[in-house]
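The structure file final-v2.txt is reproduced below (compact mmCIF, N, CA and C atoms).
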```txt
# COMPACT_ATOMS: atom_id res chain seq x y z
N MET K 1 -2.16 7.01 -2.30
CA MET K 1 -2.32 6.36 -3.56
C MET K 1 -1.40 7.00 -4.60
N TRP K 2 -1.28 8.32 -4.55
CA TRP K 2 -0.38 9.04 -5.46
C TRP K 2 1.03 8.52 -5.32
N ALA K 3 1.49 8.34 -4.10
CA ALA K 3 2.87 7.88 -3.88
C ALA K 3 3.08 6.48 -4.44
N ASN K 4 2.10 5.62 -4.28
CA ASN K 4 2.23 4.27 -4.83
C ASN K 4 2.36 4.31 -6.35
N TYR K 5 1.57 5.13 -7.01
CA TYR K 5 1.67 5.26 -8.46
C TYR K 5 3.06 5.75 -8.87
N GLN K 6 3.57 6.73 -8.14
CA GLN K 6 4.91 7.25 -8.45
C GLN K 6 5.95 6.13 -8.40
N TRP K 7 5.86 5.32 -7.36
CA TRP K 7 6.83 4.23 -7.20
C TRP K 7 6.64 3.13 -8.23
N VAL K 8 5.42 2.80 -8.56
CA VAL K 8 5.18 1.78 -9.60
C VAL K 8 5.81 2.24 -10.91
N GLU K 9 5.54 3.47 -11.30
CA GLU K 9 6.10 3.99 -12.55
C GLU K 9 7.63 3.96 -12.51
N PHE K 10 8.20 4.37 -11.40
CA PHE K 10 9.66 4.41 -11.27
C PHE K 10 10.27 3.02 -11.33
N VAL K 11 9.78 2.11 -10.51
CA VAL K 11 10.37 0.76 -10.44
C VAL K 11 10.28 0.06 -11.79
N TYR K 12 9.14 0.13 -12.42
CA TYR K 12 8.96 -0.59 -13.67
C TYR K 12 9.61 0.12 -14.86
N ALA K 13 10.08 1.35 -14.67
CA ALA K 13 10.83 2.04 -15.71
C ALA K 13 12.31 1.66 -15.69
N GLN K 14 12.74 1.00 -14.61
CA GLN K 14 14.14 0.59 -14.51
C GLN K 14 14.40 -0.55 -15.49
N GLN K 15 15.59 -0.51 -16.07
CA GLN K 15 15.97 -1.61 -16.95
C GLN K 15 16.11 -2.86 -16.09
N ASP K 16 15.43 -3.93 -16.44
CA ASP K 16 15.44 -5.17 -15.66
C ASP K 16 15.14 -4.91 -14.18
N PRO K 17 13.91 -4.47 -13.87
CA PRO K 17 13.59 -4.16 -12.46
C PRO K 17 13.84 -5.37 -11.56
N GLU K 18 14.47 -5.08 -10.44
CA GLU K 18 14.79 -6.14 -9.47
C GLU K 18 13.52 -6.67 -8.82
N ALA K 19 13.63 -7.87 -8.27
CA ALA K 19 12.48 -8.51 -7.63
C ALA K 19 12.07 -7.79 -6.35
N ARG K 20 13.02 -7.43 -5.48
CA ARG K 20 12.65 -6.90 -4.17
C ARG K 20 11.79 -5.64 -4.25
N PRO K 21 12.14 -4.64 -5.05
CA PRO K 21 11.25 -3.47 -5.15
C PRO K 21 9.86 -3.84 -5.65
N ARG K 22 9.76 -4.77 -6.58
CA ARG K 22 8.46 -5.20 -7.08
C ARG K 22 7.68 -5.94 -6.00
N GLU K 23 8.38 -6.73 -5.19
CA GLU K 23 7.73 -7.42 -4.07
C GLU K 23 7.18 -6.42 -3.05
N LEU K 24 7.96 -5.38 -2.76
CA LEU K 24 7.51 -4.39 -1.78
C LEU K 24 6.27 -3.65 -2.27
N LEU K 25 6.24 -3.29 -3.54
CA LEU K 25 5.05 -2.62 -4.08
C LEU K 25 3.84 -3.53 -4.00
N ALA K 26 4.01 -4.79 -4.39
CA ALA K 26 2.90 -5.73 -4.33
C ALA K 26 2.47 -5.95 -2.89
N HIS K 27 3.42 -5.96 -1.97
CA HIS K 27 3.10 -6.16 -0.55
C HIS K 27 2.23 -5.02 -0.02
N ILE K 28 2.52 -3.79 -0.43
CA ILE K 28 1.68 -2.66 -0.01
C ILE K 28 0.25 -2.90 -0.47
N LEU K 29 0.11 -3.26 -1.74
CA LEU K 29 -1.23 -3.50 -2.30
C LEU K 29 -1.91 -4.68 -1.63
N VAL K 30 -1.21 -5.78 -1.48
CA VAL K 30 -1.80 -6.97 -0.88
C VAL K 30 -2.20 -6.70 0.58
N GLY K 31 -1.37 -5.93 1.29
CA GLY K 31 -1.72 -5.56 2.66
C GLY K 31 -3.04 -4.81 2.72
N GLU K 32 -3.26 -3.93 1.77
CA GLU K 32 -4.53 -3.21 1.72
C GLU K 32 -5.68 -4.19 1.45
N HIS K 33 -5.47 -5.10 0.51
CA HIS K 33 -6.50 -6.11 0.23
C HIS K 33 -6.81 -6.96 1.46
N VAL K 34 -5.78 -7.40 2.16
CA VAL K 34 -5.98 -8.24 3.35
C VAL K 34 -6.84 -7.51 4.37
N TRP K 35 -6.54 -6.25 4.63
CA TRP K 35 -7.30 -5.50 5.62
C TRP K 35 -8.71 -5.19 5.15
N PHE K 36 -8.87 -4.87 3.88
CA PHE K 36 -10.22 -4.62 3.37
C PHE K 36 -11.07 -5.89 3.43
N GLU K 37 -10.46 -7.02 3.17
CA GLU K 37 -11.18 -8.30 3.30
C GLU K 37 -11.59 -8.53 4.75
N ARG K 38 -10.71 -8.22 5.69
CA ARG K 38 -11.06 -8.37 7.11
C ARG K 38 -12.21 -7.45 7.48
N ILE K 39 -12.17 -6.23 6.99
CA ILE K 39 -13.25 -5.28 7.29
C ILE K 39 -14.58 -5.82 6.77
N GLU K 40 -14.57 -6.42 5.60
CA GLU K 40 -15.79 -6.96 5.00
C GLU K 40 -16.15 -8.33 5.56
N GLY K 41 -15.30 -8.89 6.42
CA GLY K 41 -15.59 -10.19 7.02
C GLY K 41 -15.36 -11.36 6.08
N ARG K 42 -14.52 -11.16 5.05
CA ARG K 42 -14.24 -12.21 4.07
C ARG K 42 -12.75 -12.35 3.82
N PRO K 43 -11.96 -12.72 4.81
CA PRO K 43 -10.52 -12.85 4.58
C PRO K 43 -10.20 -14.05 3.68
N THR K 44 -9.52 -13.79 2.57
CA THR K 44 -9.15 -14.87 1.65
C THR K 44 -7.70 -14.80 1.19
N THR K 45 -7.07 -13.63 1.20
CA THR K 45 -5.71 -13.48 0.69
C THR K 45 -4.72 -14.15 1.63
N THR K 46 -3.79 -14.92 1.04
CA THR K 46 -2.79 -15.62 1.86
C THR K 46 -1.36 -15.36 1.40
N THR K 47 -1.16 -14.76 0.24
CA THR K 47 0.19 -14.47 -0.26
C THR K 47 0.50 -13.01 0.04
N PHE K 48 1.64 -12.76 0.71
CA PHE K 48 1.92 -11.41 1.17
C PHE K 48 3.04 -10.70 0.41
N PHE K 49 3.86 -11.41 -0.34
CA PHE K 49 4.94 -10.79 -1.12
C PHE K 49 4.96 -11.35 -2.54
N PRO K 50 3.87 -11.21 -3.30
CA PRO K 50 3.87 -11.73 -4.67
C PRO K 50 4.63 -10.79 -5.60
N LEU K 51 4.93 -11.27 -6.78
CA LEU K 51 5.42 -10.40 -7.86
C LEU K 51 4.22 -10.13 -8.76
N MET K 52 4.02 -8.87 -9.08
CA MET K 52 2.86 -8.50 -9.89
C MET K 52 3.30 -7.68 -11.09
N LYS K 53 2.52 -7.72 -12.14
CA LYS K 53 2.77 -6.90 -13.32
C LYS K 53 2.41 -5.45 -13.01
N LYS K 54 3.06 -4.55 -13.73
CA LYS K 54 2.82 -3.11 -13.53
C LYS K 54 1.35 -2.78 -13.65
N GLN K 55 0.68 -3.25 -14.69
CA GLN K 55 -0.73 -2.90 -14.91
C GLN K 55 -1.62 -3.45 -13.79
N ASP K 56 -1.27 -4.62 -13.24
CA ASP K 56 -2.04 -5.17 -12.14
C ASP K 56 -1.91 -4.31 -10.89
N LEU K 57 -0.70 -3.79 -10.66
CA LEU K 57 -0.50 -2.89 -9.52
C LEU K 57 -1.29 -1.59 -9.70
N ILE K 58 -1.20 -1.00 -10.88
CA ILE K 58 -1.91 0.25 -11.14
C ILE K 58 -3.41 0.05 -10.96
N ARG K 59 -3.93 -1.00 -11.54
CA ARG K 59 -5.37 -1.30 -11.42
C ARG K 59 -5.73 -1.57 -9.94
N GLY K 60 -4.89 -2.32 -9.26
CA GLY K 60 -5.15 -2.64 -7.85
C GLY K 60 -5.15 -1.40 -6.98
N PHE K 61 -4.17 -0.51 -7.17
CA PHE K 61 -4.13 0.71 -6.36
C PHE K 61 -5.31 1.62 -6.68
N ALA K 62 -5.77 1.63 -7.93
CA ALA K 62 -6.96 2.41 -8.27
C ALA K 62 -8.18 1.85 -7.53
N GLN K 63 -8.29 0.54 -7.47
CA GLN K 63 -9.42 -0.08 -6.77
C GLN K 63 -9.35 0.18 -5.27
N THR K 64 -8.15 0.10 -4.70
CA THR K 64 -8.07 0.33 -3.25
C THR K 64 -8.33 1.79 -2.91
N ALA K 65 -8.01 2.70 -3.83
CA ALA K 65 -8.32 4.12 -3.59
C ALA K 65 -9.82 4.31 -3.43
N VAL K 66 -10.59 3.63 -4.27
CA VAL K 66 -12.05 3.70 -4.17
C VAL K 66 -12.50 3.13 -2.82
N THR K 67 -11.92 2.02 -2.41
CA THR K 67 -12.30 1.40 -1.14
C THR K 67 -11.93 2.31 0.03
N PHE K 68 -10.74 2.90 0.00
CA PHE K 68 -10.36 3.84 1.07
C PHE K 68 -11.42 4.94 1.19
N ARG K 69 -11.79 5.55 0.07
CA ARG K 69 -12.76 6.66 0.10
C ARG K 69 -14.10 6.19 0.66
N ARG K 70 -14.54 5.02 0.25
CA ARG K 70 -15.83 4.50 0.73
C ARG K 70 -15.77 4.25 2.23
N LEU K 71 -14.71 3.64 2.70
CA LEU K 71 -14.59 3.36 4.14
C LEU K 71 -14.50 4.64 4.96
N ILE K 72 -13.76 5.61 4.45
CA ILE K 72 -13.64 6.88 5.16
C ILE K 72 -15.00 7.58 5.24
N ALA K 73 -15.77 7.48 4.19
CA ALA K 73 -17.08 8.14 4.15
C ALA K 73 -18.14 7.42 4.98
N THR K 74 -17.99 6.11 5.19
CA THR K 74 -19.11 5.36 5.77
C THR K 74 -18.81 4.50 6.99
N ARG K 75 -17.53 4.19 7.27
CA ARG K 75 -17.32 3.16 8.29
C ARG K 75 -16.22 3.47 9.30
N LEU K 76 -15.77 4.68 9.41
CA LEU K 76 -14.62 4.98 10.27
C LEU K 76 -14.76 4.46 11.69
N GLY K 77 -15.93 4.56 12.27
CA GLY K 77 -16.11 4.17 13.66
C GLY K 77 -16.40 2.69 13.88
N ASP K 78 -16.61 1.93 12.81
CA ASP K 78 -16.94 0.51 12.96
C ASP K 78 -15.80 -0.25 13.64
N ASP K 79 -16.16 -1.15 14.52
CA ASP K 79 -15.20 -2.00 15.21
C ASP K 79 -15.15 -3.35 14.47
N ILE K 80 -13.97 -3.73 14.03
CA ILE K 80 -13.80 -4.93 13.22
C ILE K 80 -13.07 -6.00 14.03
N HIS K 81 -13.66 -7.17 14.10
CA HIS K 81 -13.02 -8.32 14.74
C HIS K 81 -12.33 -9.12 13.63
N PHE K 82 -11.10 -9.55 13.89
CA PHE K 82 -10.33 -10.23 12.85
C PHE K 82 -9.31 -11.18 13.48
N ARG K 83 -8.77 -12.01 12.63
CA ARG K 83 -7.70 -12.93 13.01
C ARG K 83 -6.48 -12.59 12.16
N ARG K 84 -5.35 -12.34 12.81
CA ARG K 84 -4.11 -12.05 12.10
C ARG K 84 -3.54 -13.32 11.51
N ALA K 85 -2.55 -13.18 10.64
CA ALA K 85 -1.91 -14.34 10.02
C ALA K 85 -1.28 -15.25 11.07
N THR K 86 -0.95 -14.70 12.23
CA THR K 86 -0.37 -15.48 13.32
C THR K 86 -1.41 -16.31 14.06
N GLY K 87 -2.69 -16.06 13.76
CA GLY K 87 -3.77 -16.76 14.44
C GLY K 87 -4.36 -15.98 15.61
N VAL K 88 -3.71 -14.88 16.00
CA VAL K 88 -4.19 -14.06 17.10
C VAL K 88 -5.46 -13.33 16.68
N GLU K 89 -6.49 -13.40 17.53
CA GLU K 89 -7.73 -12.68 17.26
C GLU K 89 -7.69 -11.34 17.99
N TYR K 90 -8.25 -10.33 17.34
CA TYR K 90 -8.23 -9.00 17.91
C TYR K 90 -9.36 -8.20 17.27
N HIS K 91 -9.41 -6.93 17.59
CA HIS K 91 -10.39 -6.03 16.97
C HIS K 91 -9.75 -4.65 16.85
N ALA K 92 -10.25 -3.87 15.91
CA ALA K 92 -9.77 -2.50 15.72
C ALA K 92 -10.85 -1.72 14.99
N ARG K 93 -10.86 -0.43 15.21
CA ARG K 93 -11.79 0.44 14.48
C ARG K 93 -11.25 0.65 13.06
N VAL K 94 -12.15 0.87 12.13
CA VAL K 94 -11.75 1.09 10.74
C VAL K 94 -10.78 2.27 10.64
N VAL K 95 -11.01 3.32 11.41
CA VAL K 95 -10.11 4.47 11.37
C VAL K 95 -8.68 4.06 11.74
N ASP K 96 -8.53 3.15 12.68
CA ASP K 96 -7.20 2.69 13.07
C ASP K 96 -6.58 1.78 12.00
N ILE K 97 -7.41 1.00 11.35
CA ILE K 97 -6.93 0.15 10.26
C ILE K 97 -6.44 1.02 9.11
N ILE K 98 -7.18 2.06 8.79
CA ILE K 98 -6.76 2.98 7.71
C ILE K 98 -5.45 3.65 8.09
N TYR K 99 -5.34 4.10 9.32
CA TYR K 99 -4.09 4.70 9.78
C TYR K 99 -2.94 3.70 9.63
N HIS K 100 -3.19 2.46 10.04
CA HIS K 100 -2.18 1.42 9.90
C HIS K 100 -1.75 1.26 8.44
N LEU K 101 -2.72 1.23 7.53
CA LEU K 101 -2.39 1.05 6.12
C LEU K 101 -1.59 2.23 5.57
N LEU K 102 -1.92 3.43 5.99
CA LEU K 102 -1.16 4.59 5.54
C LEU K 102 0.29 4.52 6.02
N THR K 103 0.48 4.17 7.29
CA THR K 103 1.85 4.09 7.81
C THR K 103 2.58 2.87 7.23
N HIS K 104 1.85 1.81 6.96
CA HIS K 104 2.43 0.62 6.33
C HIS K 104 3.00 1.00 4.95
N GLY K 105 2.24 1.75 4.18
CA GLY K 105 2.72 2.20 2.87
C GLY K 105 3.94 3.10 2.99
N TYR K 106 3.90 4.05 3.94
CA TYR K 106 5.07 4.93 4.15
C TYR K 106 6.30 4.09 4.48
N HIS K 107 6.13 3.12 5.36
CA HIS K 107 7.25 2.28 5.78
C HIS K 107 7.90 1.58 4.58
N HIS K 108 7.09 0.94 3.75
CA HIS K 108 7.66 0.19 2.64
C HIS K 108 8.15 1.09 1.51
N ARG K 109 7.54 2.24 1.33
CA ARG K 109 8.10 3.19 0.36
C ARG K 109 9.43 3.73 0.87
N GLY K 110 9.57 3.84 2.18
CA GLY K 110 10.87 4.21 2.75
C GLY K 110 11.92 3.14 2.48
N GLN K 111 11.52 1.88 2.55
CA GLN K 111 12.44 0.80 2.20
C GLN K 111 12.86 0.90 0.73
N LEU K 112 11.90 1.23 -0.13
CA LEU K 112 12.23 1.42 -1.54
C LEU K 112 13.22 2.57 -1.71
N ALA K 113 12.98 3.68 -1.04
CA ALA K 113 13.88 4.82 -1.14
C ALA K 113 15.28 4.45 -0.66
N ALA K 114 15.37 3.73 0.45
CA ALA K 114 16.68 3.31 0.97
C ALA K 114 17.38 2.38 -0.02
N HIS K 115 16.62 1.50 -0.62
CA HIS K 115 17.18 0.57 -1.60
C HIS K 115 17.83 1.32 -2.75
N TYR K 116 17.12 2.28 -3.31
CA TYR K 116 17.66 3.01 -4.46
C TYR K 116 18.71 4.03 -4.04
N ALA K 117 18.63 4.57 -2.85
CA ALA K 117 19.67 5.50 -2.37
C ALA K 117 21.02 4.79 -2.28
N ARG K 118 21.01 3.52 -1.86
CA ARG K 118 22.26 2.75 -1.79
C ARG K 118 22.90 2.57 -3.16
N THR K 119 22.08 2.54 -4.19
CA THR K 119 22.60 2.35 -5.55
C THR K 119 22.85 3.68 -6.26
N ARG K 120 22.58 4.76 -5.55
CA ARG K 120 22.77 6.12 -6.07
C ARG K 120 21.89 6.42 -7.29
N ILE K 121 20.77 5.74 -7.37
CA ILE K 121 19.80 6.02 -8.42
C ILE K 121 18.81 7.04 -7.86
N GLU K 122 18.58 8.12 -8.61
CA GLU K 122 17.63 9.12 -8.16
C GLU K 122 16.22 8.54 -8.22
N TYR K 123 15.51 8.63 -7.13
CA TYR K 123 14.19 8.01 -6.99
C TYR K 123 13.14 9.08 -6.69
N PRO K 124 11.87 8.75 -6.80
CA PRO K 124 10.83 9.78 -6.61
C PRO K 124 10.71 10.23 -5.16
N ASN K 125 10.46 11.52 -5.00
CA ASN K 125 10.20 12.09 -3.68
C ASN K 125 8.69 12.00 -3.46
N THR K 126 8.27 11.09 -2.60
CA THR K 126 6.84 10.89 -2.40
C THR K 126 6.38 11.26 -1.00
N ASP K 127 7.11 12.18 -0.35
CA ASP K 127 6.62 12.58 0.96
C ASP K 127 5.40 13.50 0.80
N HIS K 128 4.67 13.66 1.87
CA HIS K 128 3.39 14.37 1.81
C HIS K 128 3.55 15.82 1.35
N ILE K 129 4.57 16.50 1.83
CA ILE K 129 4.78 17.90 1.43
C ILE K 129 5.03 17.98 -0.07
N ASN K 130 5.79 17.06 -0.60
CA ASN K 130 6.02 17.07 -2.05
C ASN K 130 4.72 16.86 -2.82
N PHE K 131 3.84 16.00 -2.29
CA PHE K 131 2.52 15.80 -2.90
C PHE K 131 1.77 17.14 -2.95
N LEU K 132 1.76 17.87 -1.83
CA LEU K 132 1.06 19.16 -1.77
C LEU K 132 1.65 20.15 -2.77
N ILE K 133 2.99 20.16 -2.87
CA ILE K 133 3.65 21.07 -3.81
C ILE K 133 3.30 20.69 -5.23
N GLU K 134 3.43 19.41 -5.58
CA GLU K 134 3.15 18.99 -6.96
C GLU K 134 1.70 19.22 -7.36
N LYS K 135 0.79 19.02 -6.43
CA LYS K 135 -0.63 19.18 -6.73
C LYS K 135 -1.12 20.61 -6.51
N LYS K 136 -0.20 21.49 -6.04
CA LYS K 136 -0.52 22.89 -5.78
C LYS K 136 -1.70 23.03 -4.82
N LEU K 137 -1.64 22.25 -3.73
CA LEU K 137 -2.71 22.29 -2.73
C LEU K 137 -2.34 23.17 -1.55
```
Could you express the structure from this file as structure tokens?
Amino acid sequence: MWANYQWVEFVYAQQDPEARPRELLAHILVGEHVWFERIEGRPTTTTFFPLMKKQDLIRGFAQTAVTFRRLIATRLGDDIHFRRATGVEYHARVVDIIYHLLTHGYHHRGQLAAHYARTRIEYPNTDHINFLIEKKL
């Protein structure tokens, strides 16, 4: 969640932020919503790359942080049956879904880093070790 906040602040601080970085940030958030809806048995989200306002992203990531904590505390072993956007039905444990969401976020933040590296714009270092250093953990 910390890394997502870092990227939201960075992307929206750019003069005339480009669409693609904003789409990637929203996609991370929407992906979390899609999976949380599946876990709760109420899939409703259908847009996967929306453009969102900065405040909506910040609020959304704060809400998903609460959901992550609740699921980790109460449902890690639950087996969830779901249907993917492709129509394929499957099942996974909540712990595996959470792992998927963490790696999904890393993947798209890596795309953001590559995007800004190509433009030679200094971007935030959001790897896990940097988190530990910044938070003095």
Could you give me, as a PDB file with N, CA and C atoms, keeping the file's coordinate frame, the residues within 8 Å of stretch 97-110 of chain K, counting only C-alpha atoms and dropping anything in the same chain fewer than 6 positions from it?
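Contents of the output file around19.pdb:
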```pdb
ATOM      1  N   ASN K   4       2.100   5.620  -4.280  1.00  0.00           N
ATOM      2  CA  ASN K   4       2.230   4.270  -4.830  1.00  0.00           C
ATOM      3  C   ASN K   4       2.360   4.310  -6.350  1.00  0.00           C
ATOM      4  N   TRP K   7       5.860   5.320  -7.360  1.00  0.00           N
ATOM      5  CA  TRP K   7       6.830   4.230  -7.200  1.00  0.00           C
ATOM      6  C   TRP K   7       6.640   3.130  -8.230  1.00  0.00           C
ATOM      7  N   LEU K  24       7.960  -5.380  -2.760  1.00  0.00           N
ATOM      8  CA  LEU K  24       7.510  -4.390  -1.780  1.00  0.00           C
ATOM      9  C   LEU K  24       6.270  -3.650  -2.270  1.00  0.00           C
ATOM     10  N   LEU K  25       6.240  -3.290  -3.540  1.00  0.00           N
ATOM     11  CA  LEU K  25       5.050  -2.620  -4.080  1.00  0.00           C
ATOM     12  C   LEU K  25       3.840  -3.530  -4.000  1.00  0.00           C
ATOM     13  N   ILE K  28       2.520  -3.790  -0.430  1.00  0.00           N
ATOM     14  CA  ILE K  28       1.680  -2.660  -0.010  1.00  0.00           C
ATOM     15  C   ILE K  28       0.250  -2.900  -0.470  1.00  0.00           C
ATOM     16  N   GLY K  31      -1.370  -5.930   1.290  1.00  0.00           N
ATOM     17  CA  GLY K  31      -1.720  -5.560   2.660  1.00  0.00           C
ATOM     18  C   GLY K  31      -3.040  -4.810   2.720  1.00  0.00           C
ATOM     19  N   GLU K  32      -3.260  -3.930   1.770  1.00  0.00           N
ATOM     20  CA  GLU K  32      -4.530  -3.210   1.720  1.00  0.00           C
ATOM     21  C   GLU K  32      -5.680  -4.190   1.450  1.00  0.00           C
ATOM     22  N   TRP K  35      -6.540  -6.250   4.630  1.00  0.00           N
ATOM     23  CA  TRP K  35      -7.300  -5.500   5.620  1.00  0.00           C
ATOM     24  C   TRP K  35      -8.710  -5.190   5.150  1.00  0.00           C
ATOM     25  N   PHE K  68     -10.740   2.900   0.000  1.00  0.00           N
ATOM     26  CA  PHE K  68     -10.360   3.840   1.070  1.00  0.00           C
ATOM     27  C   PHE K  68     -11.420   4.940   1.190  1.00  0.00           C
TER      28      PHE K  68
END
```
Atomic separation - atom CA of K:Arg75 relative to atom CA of K:Lys135, Å: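 Separation between atom CA of K:Lys135 and atom CA of K:Arg75: 27.6 Å.
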Which residues in chain K does DSSP call strand (DSSP E or B)? List them as a CSV table (one decimal) with N, CA and C atoms, in the coordinates of the input.
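Below is the file result33.csv, written as the result:
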```
chain,number,residue,atom,x,y,z
K,79,ASP,N,-16.2,-1.2,14.5
K,79,ASP,CA,-15.2,-2.0,15.2
K,79,ASP,C,-15.2,-3.4,14.5
K,80,ILE,N,-14.0,-3.7,14.0
K,80,ILE,CA,-13.8,-4.9,13.2
K,80,ILE,C,-13.1,-6.0,14.0
K,81,HIS,N,-13.7,-7.2,14.1
K,81,HIS,CA,-13.0,-8.3,14.7
K,81,HIS,C,-12.3,-9.1,13.6
K,82,PHE,N,-11.1,-9.6,13.9
K,82,PHE,CA,-10.3,-10.2,12.8
K,82,PHE,C,-9.3,-11.2,13.5
K,83,ARG,N,-8.8,-12.0,12.6
K,83,ARG,CA,-7.7,-12.9,13.0
K,83,ARG,C,-6.5,-12.6,12.2
K,89,GLU,N,-6.5,-13.4,17.5
K,89,GLU,CA,-7.7,-12.7,17.3
K,89,GLU,C,-7.7,-11.3,18.0
K,90,TYR,N,-8.2,-10.3,17.3
K,90,TYR,CA,-8.2,-9.0,17.9
K,90,TYR,C,-9.4,-8.2,17.3
K,91,HIS,N,-9.4,-6.9,17.6
K,91,HIS,CA,-10.4,-6.0,17.0
K,91,HIS,C,-9.8,-4.6,16.8
K,92,ALA,N,-10.2,-3.9,15.9
K,92,ALA,CA,-9.8,-2.5,15.7
K,92,ALA,C,-10.8,-1.7,15.0
K,93,ARG,N,-10.9,-0.4,15.2
K,93,ARG,CA,-11.8,0.4,14.5
K,93,ARG,C,-11.2,0.6,13.1
```
Do you know which residues lie at most 8 Å from (1.7, 10.7, -3.0), with coordinates as in the file and only N, CA and C atoms counted, and could you write them as a VMD selection string? chain K and resid 1 to 6 125 to 128 130 to 132
Ranking K:His27, K:Leu76, K:Ala117, K:Ile39 by minimum distance to K:Leu51 and counting only N, CA and C atoms, which one comes first? K:His27
Assuming 8 Å of padding per side, give the centre and edge lengths of the axis-aligned box around every listed atom of stretch 116-135 of chain K, in Å to one decimal and as AutoDock Vina command-line options.
```
--center_x 10.9 --center_y 11.7 --center_z -3.4 --size_x 40.0 --size_y 34.8 --size_z 26.5
```
